[in-house]
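The structure file upload_22.txt is reproduced below (compact mmCIF, C-alpha atoms and all ligand atoms).
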# COMPACT_ATOMS: atom_id res chain seq x y z
CA MET A 1464 6.68 19.20 22.30
CA ALA A 1465 5.21 21.64 24.84
CA ASP A 1466 1.73 20.98 26.17
CA GLU A 1467 0.12 23.87 24.24
CA SER A 1468 1.47 22.58 20.94
CA GLN A 1469 0.03 19.13 21.70
CA LYS A 1470 -3.50 20.46 21.52
CA TRP A 1471 -4.13 20.70 17.82
CA VAL A 1472 -6.06 18.13 15.80
CA LEU A 1473 -6.01 18.17 12.01
CA MET A 1474 -8.79 16.27 10.22
CA VAL A 1475 -9.99 15.25 6.78
CA THR A 1476 -13.35 13.65 5.90
CA ALA A 1477 -14.02 11.80 2.64
CA GLN A 1478 -16.78 9.78 1.08
CA THR A 1479 -16.14 6.77 -1.16
CA PRO A 1480 -18.58 4.62 -3.12
CA THR A 1481 -18.91 0.87 -3.21
CA ASN A 1482 -18.84 -1.10 -6.46
CA ILE A 1483 -20.25 -4.27 -7.94
CA ALA A 1484 -18.28 -6.40 -10.38
CA VAL A 1485 -19.82 -7.31 -13.72
CA ILE A 1486 -16.72 -9.36 -14.60
CA LYS A 1487 -15.65 -10.89 -11.31
CA TYR A 1488 -12.35 -10.96 -9.49
CA TRP A 1489 -11.97 -14.39 -7.89
CA GLY A 1490 -8.52 -15.78 -7.09
CA LYS A 1491 -5.15 -14.27 -6.14
CA ARG A 1492 -1.64 -14.84 -7.43
CA ASP A 1493 -0.21 -13.05 -4.34
CA GLU A 1494 -2.07 -13.19 -1.02
CA ASN A 1495 -0.09 -10.47 0.75
CA LEU A 1496 -0.01 -7.84 -2.01
CA ILE A 1497 -3.50 -8.94 -3.17
CA LEU A 1498 -2.77 -9.51 -6.84
CA ALA A 1499 -5.56 -11.05 -8.91
CA ILE A 1500 -5.37 -13.91 -11.39
CA ASN A 1501 -7.59 -12.04 -13.85
CA ASP A 1502 -8.72 -8.52 -14.76
CA SER A 1503 -12.16 -7.48 -13.51
CA ILE A 1504 -14.68 -4.75 -14.36
CA SER A 1505 -17.16 -3.11 -12.01
CA VAL A 1506 -19.76 -0.40 -11.90
CA THR A 1507 -19.52 2.13 -9.10
CA LEU A 1508 -22.78 2.61 -7.19
CA ASP A 1509 -24.24 6.00 -6.38
CA PRO A 1510 -22.76 7.08 -3.01
CA ALA A 1511 -26.06 8.77 -2.16
CA HIS A 1512 -27.35 5.26 -1.51
CA LEU A 1513 -24.24 3.17 -0.75
CA CYS A 1514 -21.02 4.69 0.49
CA THR A 1515 -18.50 4.87 3.29
CA THR A 1516 -17.70 8.13 5.05
CA THR A 1517 -14.36 8.25 6.84
CA THR A 1518 -12.75 10.92 8.99
CA VAL A 1519 -9.03 10.68 9.64
CA ALA A 1520 -7.30 12.88 12.19
CA VAL A 1521 -3.75 13.50 13.31
CA SER A 1522 -2.54 15.11 16.53
CA PRO A 1523 0.70 15.05 18.51
CA ALA A 1524 -1.52 14.09 21.46
CA PHE A 1525 -2.42 10.70 19.93
CA ASN A 1526 -0.22 7.89 21.18
CA GLN A 1527 -1.37 5.08 18.88
CA ASP A 1528 -3.18 4.51 15.58
CA ARG A 1529 -6.85 3.81 16.41
CA MET A 1530 -9.97 3.12 14.38
CA TRP A 1531 -13.71 3.11 15.08
CA LEU A 1532 -16.17 1.45 12.70
CA LEU A 1533 -19.77 2.56 13.26
CA GLY A 1534 -18.70 3.92 16.64
CA LYS A 1535 -17.11 0.68 17.84
CA GLU A 1536 -13.35 0.49 18.21
CA ILE A 1537 -11.69 -2.12 15.99
CA SER A 1538 -8.10 -3.30 15.85
CA LEU A 1539 -5.74 -1.89 13.22
CA SER A 1540 -3.16 -4.59 13.87
CA GLY A 1541 -4.21 -6.74 10.89
CA GLY A 1542 -1.73 -6.99 8.01
CA ARG A 1543 -4.08 -5.36 5.51
CA TYR A 1544 -4.54 -2.20 7.61
CA GLN A 1545 -0.85 -2.11 8.39
CA ASN A 1546 0.09 -2.39 4.71
CA CYS A 1547 -2.23 0.51 3.77
CA LEU A 1548 -0.98 2.71 6.63
CA ARG A 1549 2.66 2.00 5.85
CA GLU A 1550 2.29 2.67 2.11
CA ILE A 1551 0.47 5.97 2.67
CA ARG A 1552 2.91 7.16 5.38
CA ALA A 1553 5.82 6.42 3.07
CA ARG A 1554 4.37 8.92 0.56
CA ALA A 1555 3.40 11.67 3.03
CA ASN A 1556 4.53 15.27 2.40
CA ASP A 1557 4.77 18.56 4.27
CA VAL A 1558 1.43 19.90 5.47
CA GLU A 1559 0.73 23.41 6.67
CA ASP A 1560 -2.48 24.85 8.10
CA GLU A 1561 -1.77 28.54 8.58
CA LYS A 1562 -5.09 29.30 10.26
CA LYS A 1563 -4.50 26.72 12.96
CA GLY A 1564 -0.77 27.40 13.04
CA ILE A 1565 0.07 23.78 12.26
CA LYS A 1566 3.19 22.73 10.40
CA ILE A 1567 3.95 19.06 9.80
CA THR A 1568 7.06 18.09 7.87
CA LYS A 1569 7.41 14.99 5.73
CA LYS A 1570 9.62 13.42 8.41
CA ASP A 1571 7.15 14.13 11.26
CA TRP A 1572 4.61 11.70 9.82
CA GLU A 1573 6.72 8.70 10.89
CA ASN A 1574 6.08 9.61 14.53
CA LEU A 1575 2.56 10.97 14.33
CA ARG A 1576 -0.35 8.62 15.02
CA VAL A 1577 -3.78 8.81 13.38
CA HIS A 1578 -7.38 8.27 14.47
CA VAL A 1579 -9.86 6.90 11.95
CA ALA A 1580 -13.66 6.78 12.18
CA SER A 1581 -15.75 5.15 9.50
CA TYR A 1582 -19.44 4.82 8.80
CA ASN A 1583 -21.43 3.04 6.05
CA ASN A 1584 -24.80 4.40 4.96
CA PHE A 1585 -25.90 0.80 4.31
CA PRO A 1586 -25.82 -2.33 6.52
CA THR A 1587 -22.20 -3.44 6.80
CA ALA A 1588 -23.11 -7.08 7.25
CA ALA A 1589 -25.36 -7.26 4.18
CA GLY A 1590 -22.43 -8.50 2.08
CA LEU A 1591 -22.56 -5.41 -0.13
CA ALA A 1592 -18.84 -4.91 -0.67
CA SER A 1593 -18.46 -2.75 2.42
CA SER A 1594 -14.76 -3.64 2.56
CA ALA A 1595 -14.35 -2.16 -0.93
CA ALA A 1596 -15.76 1.24 0.02
CA GLY A 1597 -14.12 1.03 3.46
CA PHE A 1598 -10.51 0.48 2.36
CA ALA A 1599 -10.87 2.86 -0.59
CA CYS A 1600 -12.08 5.56 1.80
CA LEU A 1601 -9.36 4.85 4.37
CA VAL A 1602 -6.62 5.19 1.75
CA TYR A 1603 -8.17 8.19 0.01
CA SER A 1604 -8.76 10.18 3.21
CA LEU A 1605 -5.31 9.37 4.66
CA ALA A 1606 -3.71 10.39 1.35
CA LYS A 1607 -5.46 13.78 1.53
CA LEU A 1608 -4.58 14.27 5.21
CA MET A 1609 -0.91 13.48 4.55
CA ASN A 1610 -0.75 15.48 1.31
CA VAL A 1611 0.21 12.44 -0.79
CA GLN A 1612 0.85 13.68 -4.34
CA GLU A 1613 -0.34 10.64 -6.26
CA ASP A 1614 -3.27 10.16 -8.63
CA ASN A 1615 -6.20 7.86 -7.89
CA GLY A 1616 -4.61 5.09 -9.99
CA ARG A 1617 -1.57 4.96 -7.68
CA LEU A 1618 -3.83 5.21 -4.63
CA SER A 1619 -5.88 2.30 -6.01
CA ALA A 1620 -2.75 0.11 -5.81
CA ILE A 1621 -2.59 0.88 -2.09
CA ALA A 1622 -6.35 0.35 -1.49
CA ARG A 1623 -5.94 -2.99 -3.31
CA GLN A 1624 -3.70 -4.13 -0.46
CA GLY A 1625 -6.63 -3.63 1.93
CA SER A 1626 -9.12 -5.57 -0.18
CA GLY A 1627 -8.82 -6.39 -3.87
CA SER A 1628 -12.20 -5.01 -4.90
CA ALA A 1629 -11.43 -1.74 -3.04
CA CYS A 1630 -9.10 -0.56 -5.81
CA ARG A 1631 -12.09 -0.19 -8.15
CA SER A 1632 -13.83 2.20 -5.72
CA LEU A 1633 -11.29 4.96 -6.44
CA TYR A 1634 -13.24 5.93 -9.57
CA GLY A 1635 -16.85 6.50 -10.60
CA GLY A 1636 -18.67 4.96 -13.58
CA PHE A 1637 -17.27 1.71 -15.01
CA VAL A 1638 -13.82 0.71 -13.78
CA LYS A 1639 -11.33 -1.96 -14.75
CA TRP A 1640 -8.86 -3.51 -12.31
CA VAL A 1641 -5.86 -4.45 -14.44
CA MET A 1642 -4.32 -7.52 -12.83
CA GLY A 1643 -0.79 -6.47 -13.90
CA LYS A 1644 2.31 -8.59 -14.43
CA GLU A 1645 4.89 -7.15 -12.03
CA GLU A 1646 5.76 -9.18 -8.95
CA ASN A 1647 5.66 -6.10 -6.72
CA GLY A 1648 2.14 -5.25 -7.92
CA SER A 1649 3.08 -1.80 -9.19
CA ASP A 1650 1.03 -2.29 -12.38
CA SER A 1651 -1.96 -3.90 -10.64
CA ILE A 1652 -4.19 -0.82 -10.53
CA ALA A 1653 -7.68 0.43 -11.30
CA VAL A 1654 -8.31 2.40 -14.48
CA PRO A 1655 -11.50 4.32 -15.24
CA LEU A 1656 -13.27 3.12 -18.40
CA VAL A 1657 -16.12 5.66 -18.61
CA ASP A 1658 -17.51 8.03 -16.01
CA GLU A 1659 -20.99 7.78 -14.46
CA ARG A 1660 -22.54 10.11 -17.06
CA HIS A 1661 -21.62 7.88 -19.99
CA TRP A 1662 -24.42 5.35 -19.41
CA ASP A 1663 -26.75 7.22 -17.09
CA GLU A 1664 -29.89 5.45 -18.31
CA LEU A 1665 -28.98 2.38 -16.28
CA VAL A 1666 -30.85 1.77 -13.03
CA ILE A 1667 -29.60 -0.69 -10.42
CA ILE A 1668 -31.81 -2.56 -7.97
CA ILE A 1669 -30.21 -4.58 -5.20
CA ALA A 1670 -32.36 -7.24 -3.57
CA VAL A 1671 -30.90 -7.65 -0.08
CA VAL A 1672 -31.68 -11.19 0.90
CA CYS A 1673 -29.99 -11.44 4.21
CA SER A 1674 -28.37 -8.90 6.48
CA ARG A 1675 -26.23 -11.46 8.25
CA GLN A 1676 -22.46 -11.54 7.89
CA LYS A 1677 -21.28 -13.75 5.01
CA GLU A 1678 -20.41 -17.21 6.34
CA THR A 1679 -17.41 -17.85 4.11
CA SER A 1680 -15.26 -14.77 3.50
CA SER A 1681 -14.30 -13.98 -0.09
CA THR A 1682 -10.66 -14.16 0.97
CA SER A 1683 -10.74 -17.76 2.18
CA GLY A 1684 -13.31 -18.81 -0.44
CA MET A 1685 -11.15 -17.69 -3.33
CA ARG A 1686 -8.04 -19.23 -1.76
CA GLU A 1687 -9.80 -22.60 -1.62
CA THR A 1688 -10.95 -22.15 -5.23
CA VAL A 1689 -7.41 -21.47 -6.48
CA GLU A 1690 -6.11 -24.47 -4.53
CA THR A 1691 -8.79 -26.97 -5.47
CA SER A 1692 -10.87 -25.99 -8.52
CA ALA A 1693 -10.05 -27.53 -11.87
CA LEU A 1694 -12.14 -24.90 -13.65
CA ILE A 1695 -10.57 -21.73 -12.25
CA GLU A 1696 -7.48 -21.83 -14.46
CA HIS A 1697 -9.62 -22.15 -17.59
CA ARG A 1698 -11.76 -19.24 -16.38
CA ALA A 1699 -8.79 -16.96 -15.59
CA LYS A 1700 -6.70 -17.78 -18.66
CA GLU A 1701 -9.25 -18.44 -21.42
CA VAL A 1702 -12.67 -17.05 -20.54
CA VAL A 1703 -12.13 -13.78 -18.68
CA PRO A 1704 -9.53 -12.18 -21.03
CA LYS A 1705 -12.01 -12.47 -23.95
CA ARG A 1706 -14.91 -11.26 -21.82
CA ILE A 1707 -12.96 -8.21 -20.65
CA ILE A 1708 -12.43 -7.07 -24.26
CA GLN A 1709 -16.08 -7.69 -25.15
CA MET A 1710 -17.33 -5.99 -21.99
CA GLU A 1711 -15.22 -2.88 -22.56
CA GLU A 1712 -16.65 -2.61 -26.06
CA ALA A 1713 -20.23 -3.17 -24.85
CA ILE A 1714 -19.80 -0.43 -22.24
CA GLN A 1715 -18.29 2.03 -24.74
CA LYS A 1716 -21.16 1.40 -27.17
CA ARG A 1717 -23.85 1.18 -24.47
CA ASP A 1718 -24.76 -2.18 -25.99
CA PHE A 1719 -27.16 -3.47 -23.34
CA ALA A 1720 -27.79 -6.89 -24.95
CA THR A 1721 -24.08 -7.80 -24.96
CA PHE A 1722 -23.61 -6.23 -21.53
CA THR A 1723 -26.40 -8.40 -20.12
CA HIS A 1724 -25.15 -11.55 -21.77
CA LEU A 1725 -21.62 -11.05 -20.38
CA THR A 1726 -22.70 -9.93 -16.91
CA CYS A 1727 -25.06 -12.87 -16.35
CA ALA A 1728 -22.64 -15.39 -17.87
CA ASP A 1729 -19.79 -14.17 -15.67
CA SER A 1730 -21.89 -14.24 -12.51
CA ASN A 1731 -22.96 -17.79 -13.35
CA GLN A 1732 -19.39 -18.88 -14.06
CA PHE A 1733 -18.17 -17.34 -10.83
CA HIS A 1734 -20.75 -19.46 -8.97
CA ALA A 1735 -19.72 -22.49 -11.03
CA VAL A 1736 -16.10 -22.19 -9.85
CA CYS A 1737 -17.37 -21.76 -6.28
CA LEU A 1738 -19.30 -25.02 -6.59
CA ASP A 1739 -16.17 -26.59 -8.08
CA THR A 1740 -14.31 -25.72 -4.88
CA VAL A 1741 -13.54 -28.41 -2.32
CA ASN A 1742 -14.75 -27.46 1.17
CA PHE A 1743 -17.25 -25.02 -0.30
CA LEU A 1744 -19.77 -26.59 2.03
CA LEU A 1745 -23.28 -25.25 2.03
CA ASN A 1746 -25.28 -25.32 5.23
CA VAL A 1747 -29.07 -25.41 5.21
CA SER A 1748 -29.53 -21.65 5.33
CA GLN A 1749 -27.08 -21.21 2.45
CA ILE A 1750 -28.92 -23.82 0.39
CA LEU A 1751 -32.14 -21.86 0.92
CA MET A 1752 -30.28 -18.77 -0.29
CA VAL A 1753 -29.12 -20.57 -3.41
CA CYS A 1754 -32.76 -21.50 -4.11
CA LEU A 1755 -33.67 -17.86 -3.80
CA ILE A 1756 -30.88 -16.87 -6.21
CA PHE A 1757 -32.35 -19.26 -8.76
CA ARG A 1758 -35.85 -17.85 -8.22
CA ILE A 1759 -34.61 -14.35 -8.98
CA ILE A 1760 -32.64 -15.57 -12.01
CA SER A 1761 -35.67 -17.44 -13.28
CA CYS A 1762 -37.94 -14.39 -12.89
CA VAL A 1763 -35.44 -12.22 -14.80
CA GLU A 1764 -34.73 -14.77 -17.52
CA LYS A 1765 -38.41 -15.48 -18.24
CA TRP A 1766 -39.05 -11.79 -18.67
CA ASN A 1767 -35.94 -11.14 -20.82
CA ARG A 1768 -36.94 -14.05 -23.07
CA SER A 1769 -40.52 -12.87 -23.42
CA GLU A 1770 -39.36 -9.38 -24.42
CA GLY A 1771 -37.03 -10.65 -27.12
CA THR A 1772 -34.35 -8.10 -26.12
CA PRO A 1773 -32.85 -8.17 -22.62
CA GLN A 1774 -34.32 -5.69 -20.15
CA VAL A 1775 -32.25 -6.51 -17.11
CA ALA A 1776 -28.88 -8.06 -16.21
CA TYR A 1777 -28.30 -9.94 -12.96
CA THR A 1778 -25.15 -10.52 -10.98
CA PHE A 1779 -24.50 -12.17 -7.59
CA ASP A 1780 -21.40 -11.87 -5.41
CA ALA A 1781 -20.31 -14.28 -2.69
CA GLY A 1782 -23.36 -13.34 -0.61
CA PRO A 1783 -26.89 -14.07 -1.77
CA ASN A 1784 -27.86 -10.49 -2.64
CA ALA A 1785 -29.01 -10.00 -6.23
CA VAL A 1786 -27.83 -6.98 -8.16
CA LEU A 1787 -30.15 -6.25 -11.06
CA ILE A 1788 -29.14 -3.72 -13.70
CA ALA A 1789 -32.04 -2.45 -15.81
CA ARG A 1790 -31.55 -0.90 -19.25
CA ASN A 1791 -33.56 2.26 -18.51
CA ARG A 1792 -36.25 3.75 -16.31
CA THR A 1793 -39.11 2.14 -18.22
CA SER A 1794 -37.65 -1.34 -17.79
CA THR A 1795 -36.98 -0.53 -14.14
CA SER A 1796 -40.70 0.13 -13.55
CA LEU A 1797 -41.54 -3.21 -15.13
CA LEU A 1798 -38.78 -4.92 -13.15
CA LEU A 1799 -39.89 -3.45 -9.84
CA GLN A 1800 -43.48 -4.56 -10.47
CA ARG A 1801 -42.26 -8.09 -11.12
CA LEU A 1802 -40.00 -8.13 -8.07
CA LEU A 1803 -42.73 -6.83 -5.80
CA PHE A 1804 -45.22 -9.31 -7.28
CA HIS A 1805 -42.94 -12.33 -6.70
CA PHE A 1806 -41.30 -11.11 -3.47
CA PRO A 1807 -43.91 -9.12 -1.53
CA PRO A 1808 -43.02 -7.90 1.96
CA ASN A 1809 -44.52 -9.42 5.10
CA SER A 1810 -47.74 -7.66 6.04
CA GLU A 1811 -46.13 -5.98 9.07
CA THR A 1812 -43.28 -4.50 6.98
CA ASP A 1813 -43.19 -0.75 6.52
CA LEU A 1814 -43.05 -0.06 2.78
CA ASN A 1815 -40.73 2.88 3.42
CA SER A 1816 -38.05 0.55 4.67
CA TYR A 1817 -38.81 -2.18 2.08
CA VAL A 1818 -37.78 -0.12 -0.94
CA ILE A 1819 -35.00 2.33 -0.11
CA GLY A 1820 -32.67 4.58 -2.12
CA ASP A 1821 -34.28 6.31 -5.09
CA LYS A 1822 -37.90 6.12 -3.97
CA SER A 1823 -39.16 8.04 -7.01
CA LEU A 1824 -39.19 4.68 -8.82
CA MET A 1825 -42.05 3.60 -6.55
CA GLU A 1826 -43.97 6.73 -7.52
CA ASP A 1827 -43.47 5.80 -11.20
CA ILE A 1828 -45.38 2.56 -10.64
CA GLY A 1829 -47.98 4.13 -8.37
CA ILE A 1830 -47.26 1.97 -5.33
CA GLN A 1831 -48.00 3.74 -2.08
CA ASP A 1832 -48.79 0.96 0.34
CA ILE A 1833 -48.75 -2.79 0.81
CA LYS A 1834 -52.29 -3.11 -0.59
CA ASP A 1835 -51.04 -1.76 -3.94
CA ILE A 1836 -48.45 -4.55 -3.97
CA GLU A 1837 -51.08 -7.19 -3.18
CA ALA A 1838 -53.15 -5.88 -6.11
CA LEU A 1839 -50.30 -6.25 -8.66
CA PRO A 1840 -51.37 -8.56 -11.50
CA PRO A 1841 -49.08 -11.48 -12.47
CA PRO A 1842 -46.56 -10.46 -15.15
CA PRO A 1843 -47.80 -11.44 -18.66
CA GLU A 1844 -44.94 -13.92 -19.23
CA ILE A 1845 -46.17 -16.15 -16.40
CA LYS A 1846 -49.91 -15.74 -16.99
CA GLY A 1847 -51.64 -19.00 -17.69
CA LYS A 1848 -48.75 -20.82 -16.00
CA VAL A 1849 -50.37 -20.19 -12.66
CA PRO A 1850 -50.21 -20.78 -9.72
CA ALA A 1851 -47.79 -17.87 -9.90
CA GLN A 1852 -45.28 -18.40 -7.09
CA LYS A 1853 -45.02 -15.77 -4.39
CA TYR A 1854 -42.16 -15.70 -1.95
CA LYS A 1855 -43.44 -13.46 0.77
CA GLY A 1856 -40.89 -12.03 3.17
CA GLU A 1857 -37.91 -13.74 1.52
CA ILE A 1858 -36.25 -10.45 0.56
CA SER A 1859 -35.25 -8.15 3.44
CA TYR A 1860 -35.45 -5.00 1.30
CA PHE A 1861 -34.61 -3.49 -2.09
CA ILE A 1862 -32.14 -0.66 -2.71
CA CYS A 1863 -32.78 1.42 -5.84
CA THR A 1864 -29.67 3.12 -7.12
CA ARG A 1865 -27.66 3.95 -10.26
CA PRO A 1866 -24.05 4.26 -11.47
CA GLY A 1867 -22.29 6.86 -9.34
CA ARG A 1868 -19.22 9.03 -8.92
CA GLY A 1869 -15.85 8.34 -7.33
CA PRO A 1870 -14.45 9.56 -3.97
CA VAL A 1871 -14.93 13.13 -2.77
CA LEU A 1872 -13.64 15.22 0.11
CA ILE A 1873 -16.21 16.67 2.47
CA SER A 1874 -15.39 20.16 3.63
CA GLY A 1875 -16.07 21.56 7.07
CA ASP A 1876 -16.24 19.69 10.35
CA SER A 1877 -20.03 19.34 10.59
CA GLN A 1878 -20.08 15.94 8.83
CA ALA A 1879 -16.83 14.77 10.42
CA LEU A 1880 -17.09 11.62 12.51
CA LEU A 1881 -14.36 12.70 14.95
CA HIS A 1882 -14.52 15.58 17.37
CA PRO A 1883 -12.37 18.50 16.13
CA ASP A 1884 -11.00 19.17 19.63
CA SER A 1885 -10.35 15.66 20.96
CA GLY A 1886 -10.06 13.59 17.74
CA LEU A 1887 -12.35 11.02 19.39
CA PRO A 1888 -15.65 9.76 17.91
CA LYS A 1889 -18.52 12.25 18.16
C1 LIG A 1901 -17.05 -11.92 -5.43
O1 LIG A 1901 -12.24 -7.92 -2.62
O2 LIG A 1901 -13.73 -8.93 -0.87
O3 LIG A 1901 -17.04 -9.62 -4.79
O4 LIG A 1901 -9.32 -9.19 -1.91
O5 LIG A 1901 -9.68 -11.05 -0.32
O6 LIG A 1901 -10.48 -8.75 0.26
P1 LIG A 1901 -10.20 -9.75 -0.85
O7 LIG A 1901 -11.61 -10.08 -1.51
P2 LIG A 1901 -12.78 -9.14 -1.98
O8 LIG A 1901 -13.45 -10.08 -3.09
C2 LIG A 1901 -14.51 -9.69 -3.87
C3 LIG A 1901 -14.97 -10.83 -4.70
C4 LIG A 1901 -16.27 -10.60 -5.43
C5 LIG A 1901 -16.03 -10.24 -6.88
C6 LIG A 1901 -15.55 -8.84 -7.18
O9 LIG A 1901 -15.87 -7.89 -6.44
O10 LIG A 1901 -14.87 -8.69 -8.21
Would it be possible to restate this file's structure as structure tokens?
Amino acid sequence: MADESQKWVLMVTAQTPTNIAVIKYWGKRDENLILAINDSISVTLDPAHLCTTTTVAVSPAFNQDRMWLLGKEISLSGGRYQNCLREIRARANDVEDEKKGIKITKKDWENLRVHVASYNNFPTAAGLASSAAGFACLVYSLAKLMNVQEDNGRLSAIARQGSGSACRSLYGGFVKWVMGKEENGSDSIAVPLVDERHWDELVIIIAVVCSRQKETSSTSGMRETVETSALIEHRAKEVVPKRIIQMEEAIQKRDFATFTHLTCADSNQFHAVCLDTVNFLLNVSQILMVCLIFRIISCVEKWNRSEGTPQVAYTFDAGPNAVLIARNRTSTSLLLQRLLFHFPPNSETDLNSYVIGDKSLMEDIGIQDIKDIEALPPPPEIKGKVPAQKYKGEISYFICTRPGRGPVLISGDSQALLHPDSGLPK
């Protein structure tokens, strides 16, 4: 191509949410295609608080596929990236941008290279399923750039090859990842159960315990579980299939009591199979985290029991962060008071960075500064059983959020992460 024609850059920017499983995926039947040994169900989190934004660009001037995560260049040579890129390229179609005078034919895509820039609006290392939002956004934005004519279900099967949990980030609301039966994984896709408006009373609070990178990756952790746990087969074959049916029904009916029972039980069983895994060695810092998990569980369970009907469900992934799902705004106020009472910030912490996301919840409970937290009375269910334990500074921060929508395209170049002229990070 002549020099002049090499100048154009065509870009697409998209935003994709993260998700948290209420019935967990743990264990693969195919490591390369990423096929699960059981179905799973997740809730998509509001992208206003937790999402990935990705810009993908193509230009005849690019000589290799490149990617920048939070401004730092990372390698795309890994099998998971390569699988996603190959699958999307294979489905590319003709693209024409009349204004810019660009015409790309289906065949051209084989020889055109892409640049990718990605950014999370939450700490990547906090163990908050950043790979889920990341791969979902990579696949979704590339599909739009390359004019791939497939629905989000088919795209989910490609995102799944980047990271299993990523397939569920292609939809908002509650989403099921159907494990599928086919060897080639063609029926292992995400399906939307209900959208984010169906159960919009729910409020989600994430207690971020530690912003360090997880020490054991989910990938190797679940491999060890499949190879060594005697419990995992029982979980995948007997327990989860029944729970999936019950959970779908609870979600359809907005039955919070059943939802809570299933969510907590599944989180606990997921941790039970982790403990049943050989080589699942805990170092001292992880043991302290486990203690913290139990403190949060105990705080939630005492309160649920004292209320008679459950007010909040808890679930923990492979990292120590707690995800707490409250039945409505009233229970969220009561939950937040309890959390702040038991887990107050260090005195030097800025309250603005201690509770982030939907800050209006703090207004509901009239907390404006650290002194208001210090003045919180012990929750009634622990009164008389004093000394009430306080674990100051053990939580890094709380994120207040809610069920959210699926991926969207962002129009215009102002929010793009790549420069429209050079295709390099801004
Ligand atoms: C505990 O999707 O991160 O969060 O497929 O190997 O990339 P890979 O694993 P990943 O595992 C997530 C496991 C989980 C449960 C869940 O999200 O369902």
task: Pick out the closest residue to Leu1694 in chain A from this set: A:Asn1546, A:Gln1732, A:Ser1681, A:Gln1709. Count all atoms listed in the file.
output: A:Gln1732
Closest atom pairs, residues of chain A within 7 Å of ligand LIG 1901 (chain A), only C-alpha atoms and all ligand atoms, as CSV:
residue,atom,partner,partner_atom,distance
A:Ile1483,CA,A:LIG1901,O9,5.9
A:Ala1484,CA,A:LIG1901,O10,4.6
A:Ile1486,CA,A:LIG1901,O10,6.7
A:Lys1487,CA,A:LIG1901,O10,3.9
A:Tyr1488,CA,A:LIG1901,O10,3.6
A:Trp1489,CA,A:LIG1901,C3,5.6
A:Ile1497,CA,A:LIG1901,O4,6.0
A:Ser1503,CA,A:LIG1901,O10,6.1
A:Ala1592,CA,A:LIG1901,O2,6.5
A:Ser1594,CA,A:LIG1901,O2,6.4
A:Ala1595,CA,A:LIG1901,O1,6.4
A:Gly1625,CA,A:LIG1901,O6,6.6
A:Ser1626,CA,A:LIG1901,O6,3.5
A:Gly1627,CA,A:LIG1901,O4,3.5
A:Ser1628,CA,A:LIG1901,O1,3.7
A:Ala1629,CA,A:LIG1901,O1,6.2
A:Ser1681,CA,A:LIG1901,O7,4.9
A:Thr1682,CA,A:LIG1901,O5,3.5
A:Asp1780,CA,A:LIG1901,C1,4.4
A:Ala1781,CA,A:LIG1901,C1,4.9
- line: Expressed in Å, the length from CA of Val1672 in chain A to CA of Ala1477 in chain A is 29.0 Å
So which residues touch Glu1764 in chain A within 12 Å, counting only C-alpha atoms, skipping near sequence neighbours fewer than 3 positions away, as a compact mmCIF listing (two decimals) with C-alpha atoms, in the coordinates of the input?
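Result file follows (out33.txt):
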# COMPACT_ATOMS: atom_id res chain seq x y z
CA THR A 1723 -26.40 -8.40 -20.12
CA HIS A 1724 -25.15 -11.55 -21.77
CA CYS A 1727 -25.06 -12.87 -16.35
CA PHE A 1757 -32.35 -19.26 -8.76
CA ARG A 1758 -35.85 -17.85 -8.22
CA ILE A 1759 -34.61 -14.35 -8.98
CA ILE A 1760 -32.64 -15.57 -12.01
CA SER A 1761 -35.67 -17.44 -13.28
CA ASN A 1767 -35.94 -11.14 -20.82
CA ARG A 1768 -36.94 -14.05 -23.07
CA SER A 1769 -40.52 -12.87 -23.42
CA GLU A 1770 -39.36 -9.38 -24.42
CA GLY A 1771 -37.03 -10.65 -27.12
CA THR A 1772 -34.35 -8.10 -26.12
CA PRO A 1773 -32.85 -8.17 -22.62
CA GLN A 1774 -34.32 -5.69 -20.15
CA VAL A 1775 -32.25 -6.51 -17.11
CA ALA A 1776 -28.88 -8.06 -16.21
CA TYR A 1777 -28.30 -9.94 -12.96
CA LEU A 1787 -30.15 -6.25 -11.06
CA LEU A 1798 -38.78 -4.92 -13.15
CA ARG A 1801 -42.26 -8.09 -11.12
CA GLU A 1844 -44.94 -13.92 -19.23
CA ILE A 1845 -46.17 -16.15 -16.40
- request: Find the residue from A:Val1577, A:Leu1797, A:Cys1514, A:Leu1633 that sits nearest to Gly1829 in chain A; use all atoms listed in the file when measuring.
  value: A:Leu1797
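Distances here use all atoms listed in the file; by that measure, the residue among A:Val1702, A:Leu1799, A:Ala1511, A:Ala1713 closest to Asn1584 in chain A is A:Ala1511.
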I'd like the contact shell of Glu1687 in chain A - 7 Å cut-off, all atoms listed in the file, skipping same-chain residues fewer than 3 positions apart - returned as a PDB file with C-alpha atoms, in the frame of the given file.
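So around28.pdb came out as:
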ATOM      1  CA  SER A1683     -10.740 -17.760   2.180  1.00  0.00           C
ATOM      2  CA  GLY A1684     -13.310 -18.810  -0.440  1.00  0.00           C
ATOM      3  CA  GLU A1690      -6.110 -24.470  -4.530  1.00  0.00           C
ATOM      4  CA  THR A1691      -8.790 -26.970  -5.470  1.00  0.00           C
ATOM      5  CA  THR A1740     -14.310 -25.720  -4.880  1.00  0.00           C
ATOM      6  CA  VAL A1741     -13.540 -28.410  -2.320  1.00  0.00           C
TER       7      VAL A1741
END
Residue with smallest distance to Asp1493 in chain A - pool A:Ile1565, A:Leu1532, A:Leu1575, A:Met1642, counting all atoms listed in the file: A:Met1642
- prompt: With distances taken over only C-alpha atoms, which of A:Leu1814, A:Ser1505, A:Ile1621, A:Gly1856 is nearest to Gly1648 in chain A?
  reply: A:Ile1621
